[in-house]
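What follows is start_31.tsv (TSV, N, CA and C atoms and all ligand atoms).
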chain	number	residue	atom	x	y	z
A	5	MET	N	-19.14	-15.75	2.82
A	5	MET	CA	-20.23	-15.12	2.06
A	5	MET	C	-21.52	-15.19	2.86
A	6	ARG	N	-22.19	-14.06	2.97
A	6	ARG	CA	-23.45	-14.01	3.70
A	6	ARG	C	-24.61	-14.52	2.84
A	7	PRO	N	-25.68	-14.98	3.44
A	7	PRO	CA	-26.86	-15.37	2.65
A	7	PRO	C	-27.50	-14.14	2.03
A	8	PRO	N	-28.34	-14.34	1.00
A	8	PRO	CA	-28.94	-13.18	0.32
A	8	PRO	C	-30.03	-12.50	1.14
A	9	ILE	N	-29.64	-11.49	1.88
A	9	ILE	CA	-30.59	-10.67	2.63
A	9	ILE	C	-30.30	-9.22	2.27
A	10	CYS	N	-31.34	-8.49	1.88
A	10	CYS	CA	-31.17	-7.12	1.40
A	10	CYS	C	-30.54	-6.24	2.48
A	11	ALA	N	-29.51	-5.47	2.09
A	11	ALA	CA	-28.79	-4.61	3.03
A	11	ALA	C	-29.67	-3.44	3.50
A	12	ILE	N	-30.70	-3.10	2.76
A	12	ILE	CA	-31.53	-1.96	3.09
A	12	ILE	C	-32.76	-2.37	3.90
A	13	CYS	N	-33.49	-3.37	3.44
A	13	CYS	CA	-34.77	-3.69	4.09
A	13	CYS	C	-34.75	-5.01	4.84
A	14	ASP	N	-33.60	-5.71	4.85
A	14	ASP	CA	-33.48	-6.98	5.58
A	14	ASP	C	-34.37	-8.08	5.04
A	15	LYS	N	-34.93	-7.86	3.87
A	15	LYS	CA	-35.77	-8.88	3.26
A	15	LYS	C	-34.87	-9.98	2.69
A	16	ASP	N	-35.20	-11.22	3.00
A	16	ASP	CA	-34.43	-12.28	2.34
A	16	ASP	C	-35.14	-12.67	1.05
A	17	PHE	N	-34.37	-13.06	0.06
A	17	PHE	CA	-34.94	-13.29	-1.25
A	17	PHE	C	-34.13	-14.38	-1.94
A	18	TYR	N	-34.63	-14.85	-3.08
A	18	TYR	CA	-33.93	-15.92	-3.77
A	18	TYR	C	-33.50	-15.54	-5.18
A	19	ASP	N	-34.44	-15.14	-6.02
A	19	ASP	CA	-34.09	-14.91	-7.42
A	19	ASP	C	-34.09	-13.44	-7.82
A	20	GLU	N	-34.86	-12.64	-7.10
A	20	GLU	CA	-35.19	-11.30	-7.61
A	20	GLU	C	-34.04	-10.32	-7.52
A	21	GLY	N	-33.22	-10.42	-6.51
A	21	GLY	CA	-32.18	-9.41	-6.28
A	21	GLY	C	-30.83	-9.85	-6.80
A	22	GLY	N	-29.80	-9.26	-6.23
A	22	GLY	CA	-28.46	-9.63	-6.64
A	22	GLY	C	-27.42	-8.89	-5.82
A	23	MET	N	-26.17	-9.03	-6.23
A	23	MET	CA	-25.09	-8.39	-5.50
A	23	MET	C	-24.61	-7.15	-6.25
A	24	VAL	N	-24.17	-6.16	-5.49
A	24	VAL	CA	-23.58	-4.96	-6.09
A	24	VAL	C	-22.21	-4.75	-5.46
A	25	GLN	N	-21.22	-4.52	-6.32
A	25	GLN	CA	-19.87	-4.22	-5.86
A	25	GLN	C	-19.68	-2.71	-5.81
A	26	PHE	N	-19.43	-2.18	-4.62
A	26	PHE	CA	-19.24	-0.75	-4.44
A	26	PHE	C	-17.76	-0.40	-4.49
A	27	ALA	N	-17.50	0.91	-4.59
A	27	ALA	CA	-16.13	1.39	-4.49
A	27	ALA	C	-15.58	1.01	-3.11
A	28	LEU	N	-14.29	0.76	-3.04
A	28	LEU	CA	-13.70	0.30	-1.79
A	28	LEU	C	-13.17	1.45	-0.95
A	29	THR	N	-13.45	1.39	0.35
A	29	THR	CA	-12.83	2.33	1.28
A	29	THR	C	-11.38	1.90	1.50
A	30	GLU	N	-10.59	2.75	2.15
A	30	GLU	CA	-9.19	2.38	2.44
A	30	GLU	C	-9.14	1.10	3.27
A	31	LYS	N	-10.09	0.99	4.22
A	31	LYS	CA	-10.13	-0.19	5.08
A	31	LYS	C	-10.47	-1.44	4.26
A	32	ASP	N	-11.40	-1.27	3.30
A	32	ASP	CA	-11.77	-2.38	2.43
A	32	ASP	C	-10.56	-2.87	1.64
A	33	LYS	N	-9.76	-1.90	1.18
A	33	LYS	CA	-8.58	-2.26	0.37
A	33	LYS	C	-7.60	-3.09	1.20
A	34	GLU	N	-7.51	-2.74	2.49
A	34	GLU	CA	-6.65	-3.54	3.38
A	34	GLU	C	-7.21	-4.94	3.55
A	35	ASN	N	-8.54	-4.99	3.76
A	35	ASN	CA	-9.18	-6.29	3.95
A	35	ASN	C	-9.04	-7.18	2.72
A	36	LEU	N	-9.06	-6.53	1.56
A	36	LEU	CA	-8.98	-7.26	0.30
A	36	LEU	C	-7.68	-8.05	0.20
A	37	LYS	N	-6.62	-7.52	0.78
A	37	LYS	CA	-5.32	-8.20	0.75
A	37	LYS	C	-5.40	-9.57	1.41
A	38	ARG	N	-6.26	-9.66	2.44
A	38	ARG	CA	-6.39	-10.94	3.15
A	38	ARG	C	-7.04	-12.00	2.28
A	39	PHE	N	-7.82	-11.56	1.29
A	39	PHE	CA	-8.47	-12.53	0.41
A	39	PHE	C	-7.47	-13.21	-0.52
A	40	GLU	N	-6.31	-12.59	-0.65
A	40	GLU	CA	-5.29	-13.19	-1.50
A	40	GLU	C	-4.49	-14.25	-0.76
A	41	GLU	N	-4.64	-14.28	0.58
A	41	GLU	CA	-3.97	-15.32	1.36
A	41	GLU	C	-4.70	-16.63	1.17
A	42	PRO	N	-3.95	-17.73	0.98
A	42	PRO	CA	-4.60	-19.03	0.77
A	42	PRO	C	-5.45	-19.43	1.98
A	43	GLY	N	-6.63	-19.94	1.70
A	43	GLY	CA	-7.48	-20.47	2.77
A	43	GLY	C	-8.32	-19.44	3.48
A	44	PHE	N	-8.19	-18.17	3.11
A	44	PHE	CA	-9.00	-17.15	3.78
A	44	PHE	C	-10.41	-17.15	3.21
A	45	VAL	N	-11.40	-17.25	4.12
A	45	VAL	CA	-12.79	-17.25	3.69
A	45	VAL	C	-13.53	-16.13	4.41
A	46	GLY	N	-14.26	-15.31	3.69
A	46	GLY	CA	-15.02	-14.23	4.31
A	46	GLY	C	-15.90	-13.55	3.31
A	47	HIS	N	-16.56	-12.50	3.75
A	47	HIS	CA	-17.41	-11.75	2.85
A	47	HIS	C	-16.56	-10.69	2.14
A	48	PRO	N	-16.57	-10.68	0.81
A	48	PRO	CA	-15.71	-9.73	0.08
A	48	PRO	C	-16.05	-8.29	0.41
A	49	PRO	N	-15.06	-7.44	0.60
A	49	PRO	CA	-15.30	-6.05	0.95
A	49	PRO	C	-16.03	-5.29	-0.15
A	50	GLY	N	-16.97	-4.42	0.25
A	50	GLY	CA	-17.67	-3.58	-0.71
A	50	GLY	C	-18.76	-4.29	-1.49
A	51	LEU	N	-18.94	-5.58	-1.21
A	51	LEU	CA	-19.93	-6.36	-1.95
A	51	LEU	C	-21.15	-6.58	-1.05
A	52	GLU	N	-22.33	-6.26	-1.56
A	52	GLU	CA	-23.51	-6.38	-0.71
A	52	GLU	C	-24.72	-6.87	-1.51
A	53	TRP	N	-25.64	-7.51	-0.81
A	53	TRP	CA	-26.87	-8.04	-1.42
A	53	TRP	C	-27.97	-6.98	-1.41
A	54	PHE	N	-28.79	-6.99	-2.46
A	54	PHE	CA	-29.97	-6.12	-2.50
A	54	PHE	C	-31.12	-6.88	-3.12
A	55	CYS	N	-32.34	-6.62	-2.60
A	55	CYS	CA	-33.53	-7.25	-3.17
A	55	CYS	C	-33.91	-6.53	-4.46
A	56	GLU	N	-34.90	-7.05	-5.12
A	56	GLU	CA	-35.36	-6.50	-6.41
A	56	GLU	C	-35.71	-5.03	-6.29
A	57	GLU	N	-36.30	-4.67	-5.18
A	57	GLU	CA	-36.78	-3.30	-4.96
A	57	GLU	C	-35.61	-2.31	-4.85
A	58	HIS	N	-34.49	-2.76	-4.33
A	58	HIS	CA	-33.39	-1.84	-4.04
A	58	HIS	C	-32.18	-1.98	-4.94
A	59	ILE	N	-32.13	-3.04	-5.74
A	59	ILE	CA	-30.88	-3.29	-6.47
A	59	ILE	C	-30.63	-2.25	-7.56
A	60	LYS	N	-31.70	-1.72	-8.16
A	60	LYS	CA	-31.53	-0.72	-9.21
A	60	LYS	C	-30.83	0.53	-8.66
A	61	GLU	N	-31.35	1.00	-7.54
A	61	GLU	CA	-30.76	2.19	-6.92
A	61	GLU	C	-29.34	1.88	-6.43
A	62	ALA	N	-29.15	0.71	-5.88
A	62	ALA	CA	-27.83	0.33	-5.39
A	62	ALA	C	-26.81	0.37	-6.53
A	63	LYS	N	-27.22	-0.15	-7.69
A	63	LYS	CA	-26.31	-0.16	-8.84
A	63	LYS	C	-25.97	1.25	-9.30
A	64	SER	N	-26.96	2.16	-9.19
A	64	SER	CA	-26.73	3.54	-9.62
A	64	SER	C	-25.80	4.28	-8.65
A	65	LEU	N	-25.59	3.71	-7.47
A	65	LEU	CA	-24.72	4.33	-6.47
A	65	LEU	C	-23.41	3.57	-6.28
A	66	SER	N	-23.15	2.62	-7.16
A	66	SER	CA	-22.01	1.73	-6.95
A	66	SER	C	-20.65	2.41	-7.14
A	67	HIS	N	-20.67	3.65	-7.66
A	67	HIS	CA	-19.41	4.40	-7.77
A	67	HIS	C	-19.00	4.95	-6.41
A	68	LEU	N	-19.96	4.91	-5.44
A	68	LEU	CA	-19.66	5.36	-4.07
A	68	LEU	C	-19.18	4.17	-3.25
A	69	THR	N	-18.68	4.46	-2.04
A	69	THR	CA	-18.36	3.36	-1.15
A	69	THR	C	-19.66	2.87	-0.52
A	70	LEU	N	-19.64	1.69	0.04
A	70	LEU	CA	-20.84	1.10	0.64
A	70	LEU	C	-21.44	1.98	1.75
A	71	PRO	N	-20.63	2.50	2.69
A	71	PRO	CA	-21.23	3.36	3.73
A	71	PRO	C	-21.91	4.61	3.15
A	72	GLU	N	-21.33	5.19	2.10
A	72	GLU	CA	-21.93	6.38	1.46
A	72	GLU	C	-23.25	6.03	0.78
A	73	ALA	N	-23.24	4.95	0.03
A	73	ALA	CA	-24.44	4.52	-0.68
A	73	ALA	C	-25.54	4.13	0.30
A	74	TYR	N	-25.13	3.45	1.35
A	74	TYR	CA	-26.08	2.99	2.37
A	74	TYR	C	-26.78	4.19	3.02
A	75	LYS	N	-26.00	5.22	3.30
A	75	LYS	CA	-26.54	6.42	3.92
A	75	LYS	C	-27.60	7.07	3.02
A	76	ILE	N	-27.28	7.19	1.74
A	76	ILE	CA	-28.22	7.80	0.78
A	76	ILE	C	-29.49	6.97	0.68
A	77	MET	N	-29.34	5.67	0.57
A	77	MET	CA	-30.49	4.80	0.36
A	77	MET	C	-31.38	4.73	1.61
A	78	THR	N	-30.79	4.80	2.77
A	78	THR	CA	-31.61	4.70	3.99
A	78	THR	C	-32.24	6.05	4.34
A	79	GLN	N	-31.59	7.15	3.94
A	79	GLN	CA	-32.16	8.47	4.23
A	79	GLN	C	-33.44	8.71	3.44
A	80	LYS	N	-33.54	8.08	2.29
A	80	LYS	CA	-34.71	8.27	1.45
A	80	LYS	C	-35.93	7.59	2.02
A	81	LYS	N	-35.72	6.68	2.95
A	81	LYS	CA	-36.83	5.89	3.47
A	81	LYS	C	-37.00	6.11	4.96
A	82	PRO	N	-37.55	7.23	5.33
A	82	PRO	CA	-37.76	7.45	6.77
A	82	PRO	C	-38.88	6.56	7.27
A	83	GLU	N	-38.56	5.77	8.30
A	83	GLU	CA	-39.59	4.85	8.81
A	83	GLU	C	-39.71	5.01	10.31
A	101	ZN	ZN	-34.54	-4.31	-0.16
Target encoding structure tokens, full file:
Amino acid sequence: MRPPICAICDKDFYDEGGMVQFALTEKDKENLKRFEEPGFVGHPPGLEWFCEEHIKEAKSLSHLTLPEAYKIMTQKKPE
């Protein structure tokens, strides 16, 4: 499990944000099988951290896969 750092703005946070579970890609579904093996530790597929500023939008896009949602969220913020 990664520490809480927003996937969009790289801001680290403590209480304000949270995790969003996105739809799984085919690759994620394969990776998920490894989590069922005893002793396997890693970051769950499709699960990502977002700060307070981004978690609302992230939740509204959670029916998409993480790469799709990430693309939409980052395109809105040209920097
Ligand atoms: Zn953020």
**Request:** Collect all residues with atoms no farther than 6 Å from ligand ZN 101 (chain A), counting only N, CA and C atoms and all ligand atoms, and output them as a ChimeraX atom specification.
**Result:** /A:10-15,54-58
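Interatomic distance, atom C of Leu65 (chain A) to CA of Phe26 (chain A): 6.3 Å.
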So that I can check the surroundings of region 28-33 of chain A, please list as a PDB file with N, CA and C atoms, in the coordinates of the input every protein, DNA and RNA residue that reaches within 7 Å of it, counting only N, CA and C atoms and ignoring chain neighbours fewer than 4 positions away.
ATOM      1  N   LYS A  37      -6.620  -7.520   0.780  1.00  0.00           N
ATOM      2  CA  LYS A  37      -5.320  -8.200   0.750  1.00  0.00           C
ATOM      3  C   LYS A  37      -5.400  -9.570   1.410  1.00  0.00           C
ATOM      4  N   ARG A  38      -6.260  -9.660   2.440  1.00  0.00           N
ATOM      5  CA  ARG A  38      -6.390 -10.940   3.150  1.00  0.00           C
ATOM      6  C   ARG A  38      -7.040 -12.000   2.280  1.00  0.00           C
ATOM      7  N   PRO A  49     -15.060  -7.440   0.600  1.00  0.00           N
ATOM      8  CA  PRO A  49     -15.300  -6.050   0.950  1.00  0.00           C
ATOM      9  C   PRO A  49     -16.030  -5.290  -0.150  1.00  0.00           C
ATOM     10  N   GLY A  50     -16.970  -4.420   0.250  1.00  0.00           N
ATOM     11  CA  GLY A  50     -17.670  -3.580  -0.710  1.00  0.00           C
ATOM     12  C   GLY A  50     -18.760  -4.290  -1.490  1.00  0.00           C
ATOM     13  N   LEU A  68     -19.960   4.910  -5.440  1.00  0.00           N
ATOM     14  CA  LEU A  68     -19.660   5.360  -4.070  1.00  0.00           C
ATOM     15  C   LEU A  68     -19.180   4.170  -3.250  1.00  0.00           C
ATOM     16  N   THR A  69     -18.680   4.460  -2.040  1.00  0.00           N
ATOM     17  CA  THR A  69     -18.360   3.360  -1.150  1.00  0.00           C
ATOM     18  C   THR A  69     -19.660   2.870  -0.520  1.00  0.00           C
ATOM     19  N   LEU A  70     -19.640   1.690   0.040  1.00  0.00           N
ATOM     20  CA  LEU A  70     -20.840   1.100   0.640  1.00  0.00           C
ATOM     21  C   LEU A  70     -21.440   1.980   1.750  1.00  0.00           C
TER      22      LEU A  70
END
**Request:** Find the distance between atom N of Gly21 (chain A) and CA of Pro8 (chain A) and write it in Å to one decimal.
**Result:**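 If I compute the distance from atom N of Gly21 (chain A) to CA of Pro8 (chain A), I get 8.5 Å.
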**Request:** Grab the CA of Pro71 (chain A) to CA of Ile9 (chain A) distance for me, in Å with one decimal place.
**Result:**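 We find that CA of Pro71 (chain A) and CA of Ile9 (chain A) lie 16.9 Å from each other.
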**Message:** Neighbouring residues of Glu52 (chain A) were defined as those with any atom within 6 Å, considering only N, CA and C atoms; residues of the same chain fewer than 3 positions away were excluded. Please report them as a PyMOL selection string.
**Reply:** chain A and resi 22-26
**Message:** Using DSSP assignments from the backbone, pull out every residue in chain A that falls under strand (DSSP E or B) and give it to me as a list in words.
**Reply:**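 In chain A, DSSP puts these residues in strand (DSSP E or B): Ile9, Asp16, Gly22, Met23, Val24, Gln25, Ala27, Leu51, Glu52, Trp53, Phe54 and Thr69 of chain A.
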**Request:** May I ask which of the residues A:Asp19, A:Gly43, A:Leu36, A:Ala27 is the closest one to Ala62 (chain A), counting only C-alpha atoms?
**Result:** A:Ala27
